[in-house]
Amino acid sequence: MVKTYLSGLRASWRSQSPSIRLIRLWLGVTWIYGGLDKATDPHFLGKTGATSISRVLTGYAGSSPIGFIFRHLIERSTLVGIVVMLSEFAIGLATLAWIAPTFIAFTGFTMSTGLWLAATWHVKPYFLGSDTAYAILWLAYFLALLGKRRRIDISLDRRGAIRLSLLGLGSGLATLGGQLTQRSLKASPEQLAKQIVREADLAVGQTHEFAAISGQPAILFRTANGVFAYSEICTHQGCTVAYFPKEKVLVCPCHQATYDPFDGAKVLSGPAPAPLEKIRVEVKGEWIVQL
């Protein structure tokens, strides 16, 4: 069976024109790289940091024309992040390995279109947004594979089912490998626990997001009267709040609970039952640290 599959895989590359091979190679490698980049990012599955899936979904919820979908996903951001990583690995590996190629190509097109609506639909001029280019690449590849057929054949025989099972296993192992790699490179909790940011790097009136000793996302404020910080975990259902400097409030994107950070993070409106948890911080030497 293995020899038959490898023979078919080689034939799939030989039978394609150079231009289609190039598109297939580029898309496959890029999607694998996308999954690997997320799997090795220590912040991706967390609640804080610019690359955090929670932060990304929060941004999409406020700026995307389909933001209402992302608002429902914020509460399940870790699961969404895992699904995204597995999907990117699976699409990339399947593209290179010739597993359900037409279906995978359509899935890649759908994913790129979704990313365009989520992240780059507002980019002007449109050609500066990479998601539209990838959507067109996937669509061109899909149409080349579809040929004169009028439907996508997703029926599976026993060998096809085995290949898909191995694809799922490979995607899972790639994700796990990336996670283990980033954990081995990550600094110990003792190194990250106390020092938050140099005082000189945080001007009066600015905020700084950081991971608290407990691992939860937190936000630090510096004012003329000193420094203070709060957990960013909403006391309603655990979503991650965001700071709006113009209004000077912390707002939960899930159910719009609003807190006043300059008055003990008390609840101003919404369903939250209690203020945000306070994080003990102070200035020690050059650093602002958590106690």
# chains A, B, ... in the order shown; residues from 1 in each chain; ligands from 1
$ closest_atom_pairs --of "range 117-148 of chain A" --to "range 1-23 of chain A" --cutoff "8 Å" --atoms "only C-alpha atoms" --output "tab-separated table"
residue	atom	partner	partner_atom	distance
A:Leu137	CA	A:Ile23	CA	7.0
A:Tyr141	CA	A:Ile20	CA	6.8
A:Ala144	CA	A:Ile20	CA	7.8
$ residues_around --residues "Glu277 in chain A" --least-positions-apart "2" --cutoff "9 Å" --atoms "only C-alpha atoms" --output "list in words"
Ala229, Tyr230, Ser231, Glu232, Ile233, Cys234, Thr235, Ala265, Ala274, Pro275 and Ile279 of chain A
$ write_last_selection --atoms "N, CA and C atoms" --output "mmCIF file, in the first residue's frame"
data_model
loop_
_atom_site.group_PDB
_atom_site.id
_atom_site.type_symbol
_atom_site.label_atom_id
_atom_site.label_comp_id
_atom_site.auth_asym_id
_atom_site.auth_seq_id
_atom_site.Cartn_x
_atom_site.Cartn_y
_atom_site.Cartn_z
ATOM 1 N N ALA A 229 -1.874 47.711 39.090
ATOM 2 C CA ALA A 229 -2.171 46.734 38.042
ATOM 3 C C ALA A 229 -3.380 45.891 38.424
ATOM 4 N N TYR A 230 -4.007 45.319 37.388
ATOM 5 C CA TYR A 230 -5.169 44.459 37.579
ATOM 6 C C TYR A 230 -5.058 43.237 36.682
ATOM 7 N N SER A 231 -5.716 42.180 37.103
ATOM 8 C CA SER A 231 -5.915 41.036 36.216
ATOM 9 C C SER A 231 -6.827 41.471 35.076
ATOM 10 N N GLU A 232 -6.584 40.915 33.881
ATOM 11 C CA GLU A 232 -7.442 41.227 32.736
ATOM 12 C C GLU A 232 -8.562 40.192 32.567
ATOM 13 N N ILE A 233 -8.718 39.316 33.538
ATOM 14 C CA ILE A 233 -9.764 38.299 33.461
ATOM 15 C C ILE A 233 -11.068 38.868 34.001
ATOM 16 N N CYS A 234 -12.064 38.977 33.136
ATOM 17 C CA CYS A 234 -13.363 39.517 33.531
ATOM 18 C C CYS A 234 -13.978 38.638 34.619
ATOM 19 N N THR A 235 -14.564 39.279 35.628
ATOM 20 C CA THR A 235 -15.153 38.529 36.743
ATOM 21 C C THR A 235 -16.521 37.951 36.406
ATOM 22 N N ALA A 265 -10.824 49.454 39.852
ATOM 23 C CA ALA A 265 -11.401 48.566 38.832
ATOM 24 C C ALA A 265 -12.831 48.179 39.175
ATOM 25 N N ALA A 274 -18.168 41.651 40.286
ATOM 26 C CA ALA A 274 -17.152 42.184 41.188
ATOM 27 C C ALA A 274 -16.072 42.899 40.400
ATOM 28 N N PRO A 275 -15.290 43.766 41.074
ATOM 29 C CA PRO A 275 -14.172 44.434 40.396
ATOM 30 C C PRO A 275 -13.128 43.431 39.925
ATOM 31 N N ILE A 279 -3.458 43.320 41.199
ATOM 32 C CA ILE A 279 -2.140 42.686 41.165
ATOM 33 C C ILE A 279 -1.179 43.617 41.903
#
$ closest_residue --among "A:Leu146, A:Leu169, A:Leu73, A:Ala100" --to "Cys239 in chain A" --atoms "only C-alpha atoms"
A:Leu73
$ closest_residue --among "A:Thr30, A:Ser54, A:Ser269, A:Gln256" --to "Leu79 in chain A" --atoms "only C-alpha atoms"
A:Ser54
$ atom_distance --atom1 "CA of Glu282 in chain A" --atom2 "CA of Val227 in chain A"
6.4 Å
$ residues_around --residues "Ala135 in chain A" --least-positions-apart "2" --cutoff "8 Å" --atoms "only C-alpha atoms" --output "list of chain:residue names"
A:Gly108, A:Phe109, A:Thr110, A:Met111, A:Ser112, A:Thr113, A:Asp131, A:Thr132, A:Ala133, A:Leu137, A:Trp138, A:Leu139
$ residues_around --residues "range 59-70 of chain A" --least-positions-apart "5" --cutoff "9 Å" --atoms "only C-alpha atoms" --output "mmCIF file with C-alpha atoms, in the first residue's frame"
data_model
loop_
_atom_site.group_PDB
_atom_site.id
_atom_site.type_symbol
_atom_site.label_atom_id
_atom_site.label_comp_id
_atom_site.auth_asym_id
_atom_site.auth_seq_id
_atom_site.Cartn_x
_atom_site.Cartn_y
_atom_site.Cartn_z
ATOM 1 C CA SER A 54 -7.393 35.919 22.493
ATOM 2 C CA LEU A 117 -12.836 39.101 6.163
ATOM 3 C CA ALA A 118 -11.294 38.896 9.623
ATOM 4 C CA ALA A 119 -8.036 40.771 9.252
ATOM 5 C CA THR A 120 -7.345 42.509 5.947
ATOM 6 C CA TRP A 121 -10.688 43.364 4.314
ATOM 7 C CA HIS A 122 -10.170 47.046 5.203
ATOM 8 C CA PRO A 253 -15.567 42.224 24.608
#
$ closest_residue --among "A:Arg280, A:Lys248, A:Arg24, A:Arg222" --to "Leu96 in chain A" --atoms "only C-alpha atoms"
A:Arg24
$ atom_distance --atom1 "CA of Gly81 in chain A" --atom2 "CA of Leu115 in chain A"
13.8 Å
